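Colleague: So here's run-v3.cif (mmCIF, C-alpha atoms and all ligand atoms).
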data_model
#
loop_
_atom_site.label_atom_id
_atom_site.label_comp_id
_atom_site.auth_asym_id
_atom_site.auth_seq_id
_atom_site.Cartn_x
_atom_site.Cartn_y
_atom_site.Cartn_z
CA MET A 361 36.65 -196.02 62.74
CA VAL A 362 37.31 -192.48 63.91
CA GLY A 363 38.48 -191.33 67.34
CA PHE A 364 38.49 -187.88 68.87
CA GLY A 365 40.46 -186.46 71.79
CA PHE A 366 40.70 -183.14 73.58
CA ASP A 367 43.04 -181.87 76.29
CA VAL A 368 43.87 -178.68 78.11
CA HIS A 369 46.60 -177.77 80.57
CA ARG A 370 47.25 -174.67 82.61
CA LEU A 371 50.35 -172.61 81.78
CA ALA A 372 52.74 -171.18 84.39
CA ALA A 373 56.27 -169.82 84.66
CA ASN A 374 59.19 -172.15 85.36
CA GLU A 375 57.57 -175.16 83.68
CA ARG A 376 58.50 -177.02 80.48
CA LEU A 377 56.38 -176.67 77.38
CA VAL A 378 56.34 -179.94 75.43
CA LEU A 379 53.92 -180.25 72.52
CA GLY A 380 53.71 -183.21 70.17
CA GLY A 381 56.84 -184.60 71.83
CA VAL A 382 58.85 -181.47 71.00
CA GLU A 383 60.36 -179.11 73.58
CA ILE A 384 59.15 -175.58 72.81
CA GLN A 385 61.15 -172.48 73.80
CA SER A 386 58.70 -170.52 75.92
CA ASP A 387 58.46 -168.28 79.00
CA VAL A 388 55.68 -170.50 80.32
CA GLY A 389 55.03 -174.24 80.36
CA THR A 390 52.32 -176.69 81.33
CA VAL A 391 51.43 -177.51 84.92
CA ALA A 392 50.93 -181.28 84.93
CA HIS A 393 51.60 -184.58 86.64
CA SER A 394 53.30 -185.95 83.50
CA ASP A 395 55.16 -183.80 80.94
CA GLY A 396 51.83 -182.06 80.23
CA ASP A 397 51.93 -182.64 76.47
CA VAL A 398 48.36 -181.76 75.51
CA VAL A 399 48.85 -182.91 71.92
CA LEU A 400 49.94 -186.42 72.87
CA HIS A 401 47.29 -186.60 75.61
CA ALA A 402 44.58 -185.70 73.10
CA LEU A 403 46.09 -188.24 70.68
CA VAL A 404 45.87 -190.94 73.37
CA ASP A 405 42.19 -190.14 73.87
CA ALA A 406 41.60 -190.16 70.11
CA LEU A 407 43.25 -193.59 69.77
CA LEU A 408 41.32 -194.97 72.75
CA GLY A 409 38.12 -193.32 71.55
CA SER A 410 38.32 -194.89 68.09
CA LEU A 411 37.63 -198.32 69.59
CA ALA A 412 35.80 -197.24 72.76
CA LEU A 413 38.73 -198.30 74.97
CA GLY A 414 38.18 -195.73 77.72
CA ASP A 415 40.14 -192.55 78.36
CA ILE A 416 43.60 -191.46 79.42
CA GLY A 417 42.55 -190.89 83.03
CA GLU A 418 41.50 -194.55 83.39
CA HIS A 419 44.74 -195.92 81.99
CA PHE A 420 47.20 -193.37 83.46
CA PRO A 421 45.64 -191.96 86.63
CA ASP A 422 47.20 -188.81 88.17
CA SER A 423 47.14 -190.67 91.49
CA ASP A 424 49.66 -193.25 90.23
CA PRO A 425 53.19 -192.05 91.14
CA SER A 426 54.73 -194.12 88.34
CA TRP A 427 53.47 -191.51 85.81
CA LYS A 428 55.03 -188.50 87.60
CA GLY A 429 57.05 -186.59 85.01
CA ALA A 430 56.45 -189.40 82.49
CA SER A 431 57.03 -188.79 78.81
CA SER A 432 53.63 -188.78 77.15
CA THR A 433 55.14 -190.78 74.30
CA VAL A 434 54.85 -193.77 76.65
CA PHE A 435 51.09 -193.15 76.94
CA VAL A 436 50.71 -193.03 73.16
CA GLU A 437 52.68 -196.27 72.77
CA HIS A 438 50.39 -197.94 75.32
CA ALA A 439 47.26 -196.73 73.51
CA LEU A 440 48.69 -197.91 70.17
CA ASN A 441 49.32 -201.35 71.65
CA MET A 442 45.71 -201.51 72.75
CA VAL A 443 44.57 -200.58 69.22
CA THR A 444 46.89 -203.22 67.74
CA ASN A 445 45.58 -205.83 70.18
CA GLN A 446 42.08 -205.14 68.85
CA GLY A 447 43.34 -205.94 65.33
CA PHE A 448 43.44 -202.31 64.13
CA ARG A 449 46.10 -199.83 63.02
CA VAL A 450 46.07 -196.04 62.93
CA VAL A 451 46.10 -194.59 59.40
CA ASN A 452 46.15 -190.85 60.04
CA VAL A 453 46.33 -188.24 62.78
CA ASP A 454 45.00 -184.69 62.53
CA ALA A 455 45.70 -182.27 65.39
CA THR A 456 44.92 -178.65 66.15
CA ILE A 457 46.78 -176.81 68.92
CA VAL A 458 45.34 -173.61 70.37
CA LEU A 459 47.99 -171.45 72.04
CA GLU A 460 48.38 -167.70 72.18
CA GLN A 461 52.17 -167.69 72.23
CA PRO A 462 54.83 -168.56 71.30
CA LYS A 463 54.18 -169.14 67.61
CA LEU A 464 54.40 -172.86 66.82
CA ALA A 465 55.12 -172.65 63.09
CA PRO A 466 58.86 -173.44 63.58
CA TYR A 467 57.99 -176.62 65.48
CA LYS A 468 55.13 -178.13 63.48
CA ASN A 469 57.27 -180.32 61.25
CA GLN A 470 59.24 -181.69 64.21
CA MET A 471 55.96 -182.59 65.90
CA ARG A 472 54.71 -184.32 62.74
CA LYS A 473 57.92 -186.34 62.54
CA HIS A 474 57.77 -187.31 66.22
CA ILE A 475 54.15 -188.47 66.03
CA ALA A 476 54.72 -190.25 62.70
CA ALA A 477 57.64 -192.14 64.23
CA ILE A 478 55.67 -193.29 67.29
CA CYS A 479 52.66 -194.29 65.19
CA SER A 480 54.73 -195.92 62.40
CA LEU A 481 53.08 -193.59 59.89
CA PRO A 482 54.47 -191.62 56.96
CA VAL A 483 54.87 -187.95 57.95
CA LYS A 484 52.34 -187.03 55.23
CA ARG A 485 49.64 -188.84 57.25
CA VAL A 486 50.22 -186.66 60.32
CA SER A 487 48.76 -183.17 60.36
CA ILE A 488 49.64 -180.53 62.94
CA LYS A 489 47.76 -177.26 62.81
CA ALA A 490 48.28 -174.35 65.18
CA THR A 491 46.06 -171.40 65.90
CA THR A 492 45.60 -168.71 68.53
CA SER A 493 42.43 -167.84 70.39
CA GLU A 494 42.47 -164.23 69.17
CA HIS A 495 43.12 -163.03 72.74
CA LEU A 496 39.75 -164.43 73.81
CA GLY A 497 39.10 -166.64 76.82
CA PHE A 498 41.66 -168.45 78.98
CA VAL A 499 43.81 -169.45 76.04
CA GLY A 500 43.71 -165.90 74.74
CA ARG A 501 44.87 -164.60 78.12
CA GLY A 502 47.82 -167.00 78.02
CA GLU A 503 46.50 -169.09 80.93
CA GLY A 504 46.33 -172.40 79.10
CA VAL A 505 46.91 -174.46 75.99
CA GLN A 506 44.43 -176.76 74.24
CA ALA A 507 44.74 -179.57 71.72
CA TRP A 508 42.11 -181.33 69.63
CA VAL A 509 43.00 -184.51 67.77
CA ILE A 510 41.17 -186.92 65.51
CA CYS A 511 42.54 -190.12 64.03
CA GLU A 512 41.26 -192.94 61.87
CA VAL A 513 41.95 -196.59 62.59
CA GLN A 514 41.38 -199.45 60.17
CA PRO A 515 41.38 -203.24 60.53
CA GLN A 516 44.89 -204.64 60.01
MG MG B 1 46.52 -183.88 79.90
#
Turn the structure described in the file into structure tokens.

Modeller:
Amino acid sequence: MVGFGFDVHRLAANERLVLGGVEIQSDVGTVAHSDGDVVLHALVDALLGSLALGDIGEHFPDSDPSWKGASSTVFVEHALNMVTNQGFRVVNVDATIVLEQPKLAPYKNQMRKHIAAICSLPVKRVSIKATTSEHLGFVGRGEGVQAWVICEVQPQ
């Protein structure tokens, strides 16, 4: 089974930028209720989507104060538990991040290791790709960051 997830967050000054569980040195960060990690949010939706288990907004509503400033790793762990409870396990993760700046090349391996550790996967089964938007659209203007993630789950 394959799951797909997408997320976007607005960028602003004086906010943290956390992507794939890794703190990124940046002049701008994501405006969000949680830590605003678009990569992990898209991963949660991919995991949930693989088995039609709903979406991140249903399981972690913005209106719930317990998720204020929450580490998105907690959301991924919850989604993984749901997958496990259905008798499945994740076998790979493939993510694309779209961000104009800063360049993410120095951080990609750290993100792979972080996601591999949460998902109990070998690092070679976690792909992180980064691209810009060629100065086009809201990402190109530096107003936001996007992530797209697919994963495969198999029966345990
Ligand atoms: Mg989000």

Colleague: Pull the closest atom pair for each residue of range 441-479 of chain A that gets at most 10 Å from range 363-377 of chain A, along with the distance in Å to one decimal, counting all atoms listed in the file, ordering rows by chain and then ascending residue number, as a tab-separated table.

Modeller:
residue	atom	partner	partner_atom	distance
A:Val450	CA	A:Gly363	CA	10.0
A:Val453	CA	A:Gly363	CA	9.6
A:Asp454	CA	A:Phe364	CA	9.6
A:Ala455	CA	A:Gly365	CA	9.3
A:Thr456	CA	A:Phe366	CA	9.7
A:Ile457	CA	A:Asp367	CA	9.7
A:Val458	CA	A:Val368	CA	9.4

Colleague: What residues have any atom no more than 9 Å from ligand MG 1 (chain B) when counting all atoms listed in the file, and can you list them as a PDB file with C-alpha atoms, keeping the file's coordinate frame?

Modeller:
ATOM      1  CA  PHE A 366      40.700-183.140  73.580  1.00  0.00           C
ATOM      2  CA  ASP A 367      43.040-181.870  76.290  1.00  0.00           C
ATOM      3  CA  VAL A 368      43.870-178.680  78.110  1.00  0.00           C
ATOM      4  CA  HIS A 369      46.600-177.770  80.570  1.00  0.00           C
ATOM      5  CA  ALA A 392      50.930-181.280  84.930  1.00  0.00           C
ATOM      6  CA  HIS A 393      51.600-184.580  86.640  1.00  0.00           C
ATOM      7  CA  SER A 394      53.300-185.950  83.500  1.00  0.00           C
ATOM      8  CA  ASP A 395      55.160-183.800  80.940  1.00  0.00           C
ATOM      9  CA  GLY A 396      51.830-182.060  80.230  1.00  0.00           C
ATOM     10  CA  ASP A 397      51.930-182.640  76.470  1.00  0.00           C
ATOM     11  CA  VAL A 398      48.360-181.760  75.510  1.00  0.00           C
ATOM     12  CA  VAL A 399      48.850-182.910  71.920  1.00  0.00           C
ATOM     13  CA  LEU A 400      49.940-186.420  72.870  1.00  0.00           C
ATOM     14  CA  HIS A 401      47.290-186.600  75.610  1.00  0.00           C
ATOM     15  CA  ALA A 402      44.580-185.700  73.100  1.00  0.00           C
ATOM     16  CA  ILE A 416      43.600-191.460  79.420  1.00  0.00           C
ATOM     17  CA  GLY A 417      42.550-190.890  83.030  1.00  0.00           C
TER      18      GLY A 417
END

Colleague: Contacts of Ala465 in chain A at 12 Å or less, counting all atoms listed in the file, minus same-chain residues fewer than 5 places along, as number ranges by chain?

Modeller: A: 384, 457, 459, 470-472, 488-492

Colleague: Select from range 370-457 of chain A every residue with an atom at most 12 Å from any atom of range 510-515 of chain A, then for each give the shortest pair of atoms and their distance in Å to one decimal, using only C-alpha atoms, rows by chain and rising number, as CSV.

Modeller:
residue,atom,partner,partner_atom,distance
A:Val399,CA,A:Ile510,CA,10.8
A:Leu400,CA,A:Ile510,CA,11.5
A:His401,CA,A:Ile510,CA,11.8
A:Ala402,CA,A:Ile510,CA,8.4
A:Leu403,CA,A:Ile510,CA,7.3
A:Val404,CA,A:Cys511,CA,9.9
A:Asp405,CA,A:Ile510,CA,9.0
A:Ala406,CA,A:Ile510,CA,5.6
A:Leu407,CA,A:Cys511,CA,6.7
A:Leu408,CA,A:Cys511,CA,10.1
A:Gly409,CA,A:Cys511,CA,9.3
A:Ser410,CA,A:Val513,CA,6.8
A:Leu411,CA,A:Val513,CA,8.4
A:Ala412,CA,A:Val513,CA,11.9
A:Leu440,CA,A:Val513,CA,10.2
A:Met442,CA,A:Val513,CA,11.9
A:Val443,CA,A:Val513,CA,8.2
A:Thr444,CA,A:Pro515,CA,9.1
A:Asn445,CA,A:Pro515,CA,10.8
A:Gln446,CA,A:Pro515,CA,8.6
A:Gly447,CA,A:Pro515,CA,5.8
A:Phe448,CA,A:Pro515,CA,4.3
A:Arg449,CA,A:Val513,CA,5.3
A:Val450,CA,A:Val513,CA,4.2
A:Val451,CA,A:Val513,CA,5.6
A:Asn452,CA,A:Cys511,CA,5.4
A:Val453,CA,A:Cys511,CA,4.4
A:Asp454,CA,A:Ile510,CA,5.3
A:Ala455,CA,A:Ile510,CA,6.5
A:Thr456,CA,A:Ile510,CA,9.1

Colleague: What does the distance from CA of Ala430 in chain A to CA of Val382 in chain A come to in Å, to one decimal?

Modeller: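 It comes out at 14.2 Å.
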
Colleague: Nearest to Ala439 in chain A: which of A:Gly504, A:Gly414, A:Gly389, A:Pro421 is it, counting only C-alpha atoms?

Modeller: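 Closest residue, counting only C-alpha atoms: A:Gly414.
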
Colleague: In Å, with one decimal, what is the gap from CA of Gly380 in chain A to CA of Ser431 in chain A?

Modeller: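 Interatomic distance, CA of Gly380 in chain A to CA of Ser431 in chain A: 10.8 Å.
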
Colleague: When you count only C-alpha atoms, which of these residues is closest to Ala476 in chain A: A:Ser386, A:Thr433, A:Asn441, A:Ser423?

Modeller: A:Thr433

Colleague: Using all atoms listed in the file, can you tell me which of A:Leu413, A:Val391, A:Leu481, A:Leu379 comes closest to Lys428 in chain A?

Modeller: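 Under the stated criterion, the closest residue is A:Val391.
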